[in-house]
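*Asks:* Sharing data-v7.csv below, CSV, C-alpha atoms:
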chain,number,residue,atom,x,y,z
Z,1,LYS,CA,-2.3,47.1,-61.0
Z,2,ASN,CA,0.8,46.6,-63.2
Z,3,GLN,CA,2.4,43.3,-62.5
Z,4,VAL,CA,4.9,40.9,-63.9
Z,5,GLU,CA,5.0,37.3,-62.8
Z,6,GLN,CA,7.7,34.8,-63.7
Z,7,SER,CA,7.8,31.0,-63.4
Z,8,PRO,CA,9.3,28.8,-62.3
Z,9,GLN,CA,11.0,30.5,-59.4
Z,10,SER,CA,14.0,28.2,-59.9
Z,11,LEU,CA,15.1,25.5,-62.3
Z,12,ILE,CA,17.9,23.0,-62.4
Z,13,ILE,CA,18.8,21.4,-65.7
Z,14,LEU,CA,21.7,19.3,-67.1
Z,15,GLU,CA,24.2,20.9,-69.5
Z,16,GLY,CA,23.2,20.5,-73.1
Z,17,LYS,CA,19.4,20.4,-72.3
Z,18,ASN,CA,16.9,23.0,-73.4
Z,19,CYS,CA,14.6,25.0,-71.1
Z,20,THR,CA,11.9,27.6,-71.2
Z,21,LEU,CA,11.2,30.3,-68.7
Z,22,GLN,CA,7.8,32.0,-68.5
Z,23,CYS,CA,6.7,35.6,-68.0
Z,24,ASN,CA,3.1,36.8,-67.6
Z,25,TYR,CA,2.3,40.4,-67.3
Z,26,THR,CA,-0.7,42.8,-66.7
Z,27,VAL,CA,0.9,46.0,-67.8
Z,28,SER,CA,-1.1,48.6,-69.6
Z,29,PRO,CA,-0.6,50.4,-71.9
Z,30,PHE,CA,2.2,48.0,-73.0
Z,31,SER,CA,5.3,49.4,-74.7
Z,32,ASN,CA,7.9,46.6,-74.7
Z,33,LEU,CA,9.3,43.6,-72.9
Z,34,ARG,CA,12.9,42.8,-72.1
Z,35,TRP,CA,14.7,39.8,-70.8
Z,36,TYR,CA,17.7,40.4,-68.6
Z,37,LYS,CA,20.4,38.0,-67.5
Z,38,GLN,CA,21.9,38.5,-64.0
Z,39,ASP,CA,25.0,36.6,-63.1
Z,40,THR,CA,25.6,36.1,-59.4
Z,41,GLY,CA,27.2,39.2,-57.9
Z,42,ARG,CA,26.7,41.3,-61.1
Z,43,GLY,CA,24.1,43.7,-62.4
Z,44,PRO,CA,21.5,42.6,-65.0
Z,45,VAL,CA,22.4,42.7,-68.6
Z,46,SER,CA,19.8,43.0,-71.4
Z,47,LEU,CA,19.3,39.9,-73.6
Z,48,THR,CA,16.4,40.8,-75.8
Z,49,ILE,CA,13.8,43.5,-76.3
Z,50,MET,CA,10.4,42.9,-77.9
Z,51,THR,CA,7.8,45.4,-78.9
Z,52,PHE,CA,4.0,44.9,-79.4
Z,53,SER,CA,4.4,43.8,-83.0
Z,54,GLU,CA,7.2,41.3,-82.6
Z,55,ASN,CA,6.5,37.6,-81.9
Z,56,THR,CA,10.0,36.2,-81.7
Z,57,LYS,CA,13.5,37.5,-81.2
Z,58,SER,CA,16.7,35.6,-80.9
Z,59,ASN,CA,20.1,36.3,-79.4
Z,60,GLY,CA,22.4,33.4,-80.0
Z,61,ARG,CA,21.0,30.4,-78.0
Z,62,TYR,CA,18.4,32.6,-76.4
Z,63,THR,CA,15.0,33.0,-78.1
Z,64,ALA,CA,12.2,35.1,-76.7
Z,65,THR,CA,8.6,34.9,-77.7
Z,66,LEU,CA,5.8,37.4,-77.1
Z,67,ASP,CA,2.0,36.8,-77.3
Z,68,ALA,CA,0.6,40.3,-76.7
Z,69,ASP,CA,-3.0,38.9,-76.8
Z,70,THR,CA,-2.5,36.6,-73.8
Z,71,LYS,CA,0.2,38.9,-72.3
Z,72,GLN,CA,2.7,36.1,-72.1
Z,73,SER,CA,6.4,35.9,-73.0
Z,74,SER,CA,8.8,33.0,-72.8
Z,75,LEU,CA,12.6,32.8,-73.0
Z,76,HIS,CA,13.9,29.6,-74.5
Z,77,ILE,CA,17.5,28.5,-73.9
Z,78,THR,CA,18.9,26.0,-76.4
Z,79,ALA,CA,21.7,23.6,-75.6
Z,80,SER,CA,22.4,25.0,-72.2
Z,81,GLN,CA,25.9,25.7,-71.0
Z,82,LEU,CA,27.3,26.1,-67.5
Z,83,SER,CA,27.6,29.8,-68.1
Z,84,ASP,CA,23.9,30.1,-68.5
Z,85,SER,CA,23.5,29.6,-64.7
Z,86,ALA,CA,22.1,32.9,-63.7
Z,87,SER,CA,18.8,34.7,-62.8
Z,88,TYR,CA,16.7,35.7,-65.7
Z,89,ILE,CA,14.5,38.8,-65.2
Z,90,CYS,CA,11.5,39.8,-67.3
Z,91,VAL,CA,10.9,43.6,-67.4
Z,92,VAL,CA,7.9,45.1,-69.0
Z,93,SER,CA,7.8,48.8,-69.9
Z,94,ALA,CA,4.5,50.8,-69.9
Z,95,ARG,CA,3.8,53.5,-72.4
Z,96,SER,CA,2.8,56.1,-69.9
Z,97,GLY,CA,4.3,57.7,-66.8
Z,98,THR,CA,7.8,59.0,-66.1
Z,99,TYR,CA,8.9,55.7,-64.6
Z,100,LYS,CA,7.9,52.8,-66.8
Z,101,TYR,CA,9.7,49.6,-65.8
Z,102,ILE,CA,7.9,46.8,-64.0
Z,103,PHE,CA,10.2,44.0,-62.9
Z,104,GLY,CA,9.5,40.4,-62.4
Z,105,THR,CA,11.2,38.6,-59.5
Z,106,GLY,CA,13.2,36.4,-61.8
Z,107,THR,CA,13.9,32.7,-62.5
Z,108,ARG,CA,17.0,31.3,-61.0
Z,109,LEU,CA,18.6,28.8,-63.4
Z,110,LYS,CA,21.3,26.3,-62.5
Z,111,VAL,CA,23.0,24.3,-65.2
Z,112,LEU,CA,24.8,21.2,-63.9
Z,113,ALA,CA,27.6,19.4,-65.7
Q,1,ASN,CA,33.5,53.6,-72.3
Q,2,ALA,CA,33.2,52.5,-68.7
Q,3,GLY,CA,29.3,52.4,-68.8
Q,4,VAL,CA,27.9,52.6,-65.3
Q,5,THR,CA,30.3,52.5,-62.4
Q,6,GLN,CA,29.6,52.2,-58.7
Q,7,THR,CA,31.7,52.6,-55.6
Q,8,PRO,CA,32.4,51.1,-53.2
Q,9,LYS,CA,31.9,47.4,-54.1
Q,10,PHE,CA,31.4,46.3,-50.5
Q,11,ARG,CA,30.8,48.2,-47.2
Q,12,ILE,CA,29.9,47.3,-43.7
Q,13,LEU,CA,28.2,50.0,-41.6
Q,14,LYS,CA,27.2,50.2,-38.0
Q,15,ILE,CA,23.7,51.0,-37.0
Q,16,GLY,CA,23.2,54.8,-37.1
Q,17,GLN,CA,26.1,55.6,-39.4
Q,18,SER,CA,25.7,57.4,-42.7
Q,19,MET,CA,27.3,56.8,-46.1
Q,20,THR,CA,27.0,57.8,-49.7
Q,21,LEU,CA,27.0,55.2,-52.5
Q,22,GLN,CA,28.5,56.7,-55.7
Q,23,CYS,CA,27.2,56.1,-59.2
Q,24,ALA,CA,28.5,57.5,-62.4
Q,25,GLN,CA,27.8,56.9,-66.1
Q,26,ASP,CA,29.6,58.1,-69.2
Q,27,MET,CA,27.0,57.3,-71.8
Q,28,ASN,CA,25.3,60.8,-71.6
Q,29,HIS,CA,22.1,59.1,-70.4
Q,30,ASN,CA,19.4,61.4,-69.1
Q,31,TYR,CA,17.7,58.8,-66.9
Q,32,MET,CA,19.3,57.2,-63.8
Q,33,TYR,CA,17.9,54.9,-61.2
Q,34,TRP,CA,18.7,53.3,-57.8
Q,35,TYR,CA,17.5,49.8,-57.0
Q,36,ARG,CA,18.0,47.5,-54.0
Q,37,GLN,CA,17.9,43.8,-54.3
Q,38,ASP,CA,17.4,41.7,-51.2
Q,39,PRO,CA,18.5,38.0,-51.2
Q,40,GLY,CA,16.3,35.9,-53.5
Q,41,MET,CA,14.1,38.9,-54.3
Q,42,GLY,CA,13.5,41.2,-57.3
Q,43,LEU,CA,14.8,44.7,-57.8
Q,44,LYS,CA,12.9,47.4,-56.0
Q,45,LEU,CA,13.2,51.0,-57.1
Q,46,ILE,CA,14.4,53.5,-54.5
Q,47,TYR,CA,14.8,56.7,-56.4
Q,48,TYR,CA,15.1,57.8,-60.0
Q,49,SER,CA,16.1,60.9,-62.0
Q,50,VAL,CA,15.0,62.1,-65.4
Q,51,GLY,CA,17.7,64.7,-65.7
Q,52,ALA,CA,20.1,66.9,-63.8
Q,53,GLY,CA,18.3,68.6,-61.0
Q,54,ILE,CA,15.2,66.4,-61.1
Q,55,THR,CA,14.6,63.4,-58.9
Q,56,ASP,CA,11.6,61.4,-57.8
Q,57,LYS,CA,10.8,58.7,-55.3
Q,58,GLY,CA,10.4,55.1,-56.2
Q,59,GLU,CA,8.8,52.2,-54.3
Q,60,VAL,CA,11.1,52.2,-51.2
Q,61,PRO,CA,12.5,55.7,-50.7
Q,62,ASN,CA,12.4,55.8,-46.9
Q,63,GLY,CA,15.8,56.2,-45.3
Q,64,TYR,CA,17.5,57.3,-48.5
Q,65,ASN,CA,18.2,60.6,-50.3
Q,66,VAL,CA,19.5,61.4,-53.7
Q,67,SER,CA,20.8,64.3,-55.7
Q,68,ARG,CA,21.5,64.9,-59.4
Q,69,SER,CA,23.7,67.9,-59.9
Q,70,THR,CA,25.2,66.6,-63.1
Q,71,THR,CA,24.1,64.3,-65.9
Q,72,GLU,CA,26.9,61.8,-65.1
Q,73,ASP,CA,26.5,61.4,-61.3
Q,74,PHE,CA,23.7,60.1,-59.1
Q,75,PRO,CA,24.8,59.5,-55.6
Q,76,LEU,CA,22.6,57.7,-53.0
Q,77,ARG,CA,22.8,58.8,-49.4
Q,78,LEU,CA,21.9,56.6,-46.5
Q,79,GLU,CA,21.2,58.5,-43.3
Q,80,LEU,CA,21.1,56.6,-40.0
Q,81,ALA,CA,21.7,53.2,-41.4
Q,82,ALA,CA,19.5,50.4,-40.1
Q,83,PRO,CA,19.8,46.6,-40.5
Q,84,SER,CA,16.8,46.6,-42.8
Q,85,GLN,CA,19.0,48.5,-45.3
Q,86,THR,CA,21.4,45.5,-45.7
Q,87,SER,CA,21.1,44.7,-49.4
Q,88,VAL,CA,22.8,44.9,-52.7
Q,89,TYR,CA,22.3,48.3,-54.4
Q,90,PHE,CA,22.3,48.7,-58.1
Q,91,CYS,CA,22.5,51.9,-60.1
Q,92,ALA,CA,21.3,52.0,-63.7
Q,93,SER,CA,20.9,54.5,-66.5
Q,94,SER,CA,19.0,54.7,-69.7
Q,95,TYR,CA,19.0,57.2,-72.6
Q,96,SER,CA,15.3,57.8,-72.6
Q,97,VAL,CA,12.2,56.7,-70.7
Q,98,GLY,CA,11.4,53.0,-71.4
Q,99,ASP,CA,14.8,52.4,-73.1
Q,100,THR,CA,17.1,49.6,-72.2
Q,101,GLN,CA,18.6,50.1,-68.8
Q,102,TYR,CA,22.3,49.6,-68.2
Q,103,PHE,CA,23.2,48.5,-64.7
Q,104,GLY,CA,26.3,49.0,-62.6
Q,105,PRO,CA,28.1,46.1,-60.9
Q,106,GLY,CA,26.4,46.8,-57.5
Q,107,THR,CA,27.4,47.7,-54.0
Q,108,ARG,CA,26.9,45.1,-51.3
Q,109,LEU,CA,26.0,46.8,-48.0
Q,110,THR,CA,25.8,45.2,-44.6
Q,111,VAL,CA,24.5,47.1,-41.6
Q,112,LEU,CA,25.4,45.5,-38.2
Translate the structure described by the file into structure tokens.

*Replies:*
Amino acid sequence: KNQVEQSPQSLIILEGKNCTLQCNYTVSPFSNLRWYKQDTGRGPVSLTIMTFSENTKSNGRYTATLDADTKQSSLHITASQLSDSASYICVVSARSGTYKYIFGTGTRLKVLA
Amino acid sequence: NAGVTQTPKFRILKIGQSMTLQCAQDMNHNYMYWYRQDPGMGLKLIYYSVGAGITDKGEVPNGYNVSRSTTEDFPLRLELAAPSQTSVYFCASSYSVGDTQYFGPGTRLTVL
């Protein structure tokens, strides 16, 4: 069964600190993996997309990594800011079928001043 | 370019009432989706459409109906609202299958 699991479920850090969010998946055949940021009361917004051959991709202070062998991805946030407080959702796309998106349940990040 | 728009933003319904949640996109995307998100939970797919005139059920379609008469619009209809349908509803679109999805701002629905 195609599944995406994220950890931790929630995280609290102090402003300026770094953090890493995890995503493990069992999606086959794998096409790509995206990280979305969802601010409270808003729809998710795409941060990064990674295909099978990519190991690392950055978007400002956000760096995503992908290990296709172990089927793991991480999202590293550097020098966190209060505006990073949000839910971060890992979404894996399969390469077959008419609907291809498998969503994780998200990690809720709170950055404190 | 407005992206994906949803109306209304908020709505309170009584049990048994019906309503339509509107969704429109101006990016000429073929694929459109409806999700619901319960508090503290992930997004669950209700229905999706791969083009005008074509719709298909997702994970949780019971109690909902959709139509796709144009590329731009994908309304979600709730018949006989129940408290279990209290949720935040997100519409999304993508150019092609597996592409980045663009989400609307959501509709917060409460059924009392």

*Asks:* As a ChimeraX atom specification, please: the residues near range 23-26 of chain Z (cut-off 10 Å, all atoms listed in the file, same-chain neighbours under 3 positions excluded).

*Replies:* /Z:1-8,29-30,33,35,65-68,70-75,89-92,102-104,106-107

*Asks:* In Å, rounded to a single decimal, give me how far CA of Ser58 in chain Z is from CA of Leu11 in chain Z.

*Replies:*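 Interatomic distance, CA of Leu11 in chain Z to CA of Ser58 in chain Z: 21.2 Å.
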
*Asks:* Got a sec to check which residues sit within 9 Å of (20.6, 40.2, -52.2), counting all atoms listed in the file, and write them as a ChimeraX atom specification?

*Replies:* /Z:41 /Q:36-42,86-89,108

*Asks:* Select residues of chain Q: the criterion is any atom within 9 Å of an atom of chain Z, counting all atoms listed in the file; output as an NGL selection string.

*Replies:* :Q and (40-44 or 48 or 50 or 58 or 88 or 90-92 or 97-106 or 108)

*Asks:* With C-alpha atoms retained, write the just-selected residues as a PDB file, in the frame of the given file.

*Replies:*
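Contents of the output file part.pdb:
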ATOM      1  CA  GLY Q  40      16.300  35.900 -53.500  1.00  0.00           C
ATOM      2  CA  MET Q  41      14.100  38.900 -54.300  1.00  0.00           C
ATOM      3  CA  GLY Q  42      13.500  41.200 -57.300  1.00  0.00           C
ATOM      4  CA  LEU Q  43      14.800  44.700 -57.800  1.00  0.00           C
ATOM      5  CA  LYS Q  44      12.900  47.400 -56.000  1.00  0.00           C
ATOM      6  CA  TYR Q  48      15.100  57.800 -60.000  1.00  0.00           C
ATOM      7  CA  VAL Q  50      15.000  62.100 -65.400  1.00  0.00           C
ATOM      8  CA  GLY Q  58      10.400  55.100 -56.200  1.00  0.00           C
ATOM      9  CA  VAL Q  88      22.800  44.900 -52.700  1.00  0.00           C
ATOM     10  CA  PHE Q  90      22.300  48.700 -58.100  1.00  0.00           C
ATOM     11  CA  CYS Q  91      22.500  51.900 -60.100  1.00  0.00           C
ATOM     12  CA  ALA Q  92      21.300  52.000 -63.700  1.00  0.00           C
ATOM     13  CA  VAL Q  97      12.200  56.700 -70.700  1.00  0.00           C
ATOM     14  CA  GLY Q  98      11.400  53.000 -71.400  1.00  0.00           C
ATOM     15  CA  ASP Q  99      14.800  52.400 -73.100  1.00  0.00           C
ATOM     16  CA  THR Q 100      17.100  49.600 -72.200  1.00  0.00           C
ATOM     17  CA  GLN Q 101      18.600  50.100 -68.800  1.00  0.00           C
ATOM     18  CA  TYR Q 102      22.300  49.600 -68.200  1.00  0.00           C
ATOM     19  CA  PHE Q 103      23.200  48.500 -64.700  1.00  0.00           C
ATOM     20  CA  GLY Q 104      26.300  49.000 -62.600  1.00  0.00           C
ATOM     21  CA  PRO Q 105      28.100  46.100 -60.900  1.00  0.00           C
ATOM     22  CA  GLY Q 106      26.400  46.800 -57.500  1.00  0.00           C
ATOM     23  CA  ARG Q 108      26.900  45.100 -51.300  1.00  0.00           C
TER      24      ARG Q 108
END

*Asks:* In Å, with one decimal, what is the gap from CA of Met27 in chain Q to CA of Gly51 in chain Q?

*Replies:* 13.4 Å

*Asks:* Show me, as a list in words, the residues that have an atom within 8 Å of range 81-84 of chain Q when counting all atoms listed in the file, minus same-chain residues fewer than 6 positions from it.

*Replies:* Leu13, Lys14, Ile15, Gly16, Gln17, Ser18, Gly63, Thr110, Val111 and Leu112 of chain Q

*Asks:* To one decimal place in Å, what is the distance between CA of Leu76 in chain Q and CA of Val60 in chain Q?

*Replies:* 12.9 Å

*Asks:* What residues have an atom no more than 12 Å from (17.9, 36.2, -81.2) in the file's own frame, counting all atoms listed in the file, and can you write them as a PyMOL selection string?

*Replies:* chain Z and resi 35+47-50+54-65+75-78

*Asks:* Ranking Q:Val4, Q:Ile46, Q:Ile54, Q:Ile12 by minimum distance to Ala24 in chain Q and counting all atoms listed in the file, which one comes first?

*Replies:*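 The answer is Q:Val4, which sits nearest to Ala24 in chain Q.
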
*Asks:* For range 59-74 of chain Z, which lacks atoms in the input, supply N, CA, C and O atoms and format the output as an mmCIF file, keeping the file's coordinate frame.

*Replies:*
data_model
loop_
_atom_site.group_PDB
_atom_site.id
_atom_site.type_symbol
_atom_site.label_atom_id
_atom_site.label_comp_id
_atom_site.auth_asym_id
_atom_site.auth_seq_id
_atom_site.Cartn_x
_atom_site.Cartn_y
_atom_site.Cartn_z
ATOM 1 N N ASN Z 59 18.782 35.813 -79.716
ATOM 2 C CA ASN Z 59 20.100 36.300 -79.400
ATOM 3 C C ASN Z 59 20.980 35.123 -79.101
ATOM 4 O O ASN Z 59 21.050 34.650 -77.976
ATOM 5 N N GLY Z 60 21.587 34.600 -80.147
ATOM 6 C CA GLY Z 60 22.400 33.400 -80.000
ATOM 7 C C GLY Z 60 21.497 32.214 -79.615
ATOM 8 O O GLY Z 60 20.527 31.895 -80.292
ATOM 9 N N ARG Z 61 21.821 31.577 -78.481
ATOM 10 C CA ARG Z 61 21.000 30.400 -78.000
ATOM 11 C C ARG Z 61 19.772 30.831 -77.264
ATOM 12 O O ARG Z 61 19.025 29.978 -76.788
ATOM 13 N N TYR Z 62 19.546 32.102 -77.111
ATOM 14 C CA TYR Z 62 18.400 32.600 -76.400
ATOM 15 C C TYR Z 62 17.319 33.052 -77.419
ATOM 16 O O TYR Z 62 17.620 33.842 -78.315
ATOM 17 N N THR Z 63 16.080 32.546 -77.257
ATOM 18 C CA THR Z 63 15.000 33.000 -78.100
ATOM 19 C C THR Z 63 13.810 33.392 -77.242
ATOM 20 O O THR Z 63 13.326 32.608 -76.425
ATOM 21 N N ALA Z 64 13.382 34.628 -77.429
ATOM 22 C CA ALA Z 64 12.200 35.100 -76.700
ATOM 23 C C ALA Z 64 11.023 35.154 -77.583
ATOM 24 O O ALA Z 64 11.127 35.436 -78.771
ATOM 25 N N THR Z 65 9.869 34.837 -77.005
ATOM 26 C CA THR Z 65 8.600 34.900 -77.700
ATOM 27 C C THR Z 65 7.681 35.862 -76.976
ATOM 28 O O THR Z 65 7.785 36.000 -75.745
ATOM 29 N N LEU Z 66 6.775 36.467 -77.686
ATOM 30 C CA LEU Z 66 5.800 37.400 -77.100
ATOM 31 C C LEU Z 66 4.436 37.123 -77.691
ATOM 32 O O LEU Z 66 4.298 37.105 -78.918
ATOM 33 N N ASP Z 67 3.441 36.916 -76.844
ATOM 34 C CA ASP Z 67 2.000 36.800 -77.300
ATOM 35 C C ASP Z 67 1.333 38.003 -76.580
ATOM 36 O O ASP Z 67 0.972 37.914 -75.407
ATOM 37 N N ALA Z 68 1.153 39.101 -77.321
ATOM 38 C CA ALA Z 68 0.600 40.300 -76.700
ATOM 39 C C ALA Z 68 -0.906 40.125 -76.407
ATOM 40 O O ALA Z 68 -1.443 40.834 -75.556
ATOM 41 N N ASP Z 69 -1.558 39.179 -77.068
ATOM 42 C CA ASP Z 69 -3.000 38.900 -76.800
ATOM 43 C C ASP Z 69 -3.172 38.307 -75.423
ATOM 44 O O ASP Z 69 -4.055 38.703 -74.652
ATOM 45 N N THR Z 70 -2.368 37.301 -75.130
ATOM 46 C CA THR Z 70 -2.500 36.600 -73.800
ATOM 47 C C THR Z 70 -1.557 37.232 -72.783
ATOM 48 O O THR Z 70 -1.576 36.822 -71.628
ATOM 49 N N LYS Z 71 -0.742 38.194 -73.191
ATOM 50 C CA LYS Z 71 0.200 38.900 -72.300
ATOM 51 C C LYS Z 71 1.150 37.895 -71.643
ATOM 52 O O LYS Z 71 1.320 37.864 -70.417
ATOM 53 N N GLN Z 72 1.758 37.112 -72.520
ATOM 54 C CA GLN Z 72 2.700 36.100 -72.100
ATOM 55 C C GLN Z 72 3.982 36.200 -72.912
ATOM 56 O O GLN Z 72 3.920 36.457 -74.120
ATOM 57 N N SER Z 73 5.102 35.955 -72.250
ATOM 58 C CA SER Z 73 6.400 35.900 -73.000
ATOM 59 C C SER Z 73 7.120 34.661 -72.430
ATOM 60 O O SER Z 73 6.904 34.219 -71.300
ATOM 61 N N SER Z 74 7.980 34.118 -73.265
ATOM 62 C CA SER Z 74 8.800 33.000 -72.800
ATOM 63 C C SER Z 74 10.245 33.261 -73.297
ATOM 64 O O SER Z 74 10.472 33.950 -74.307
#
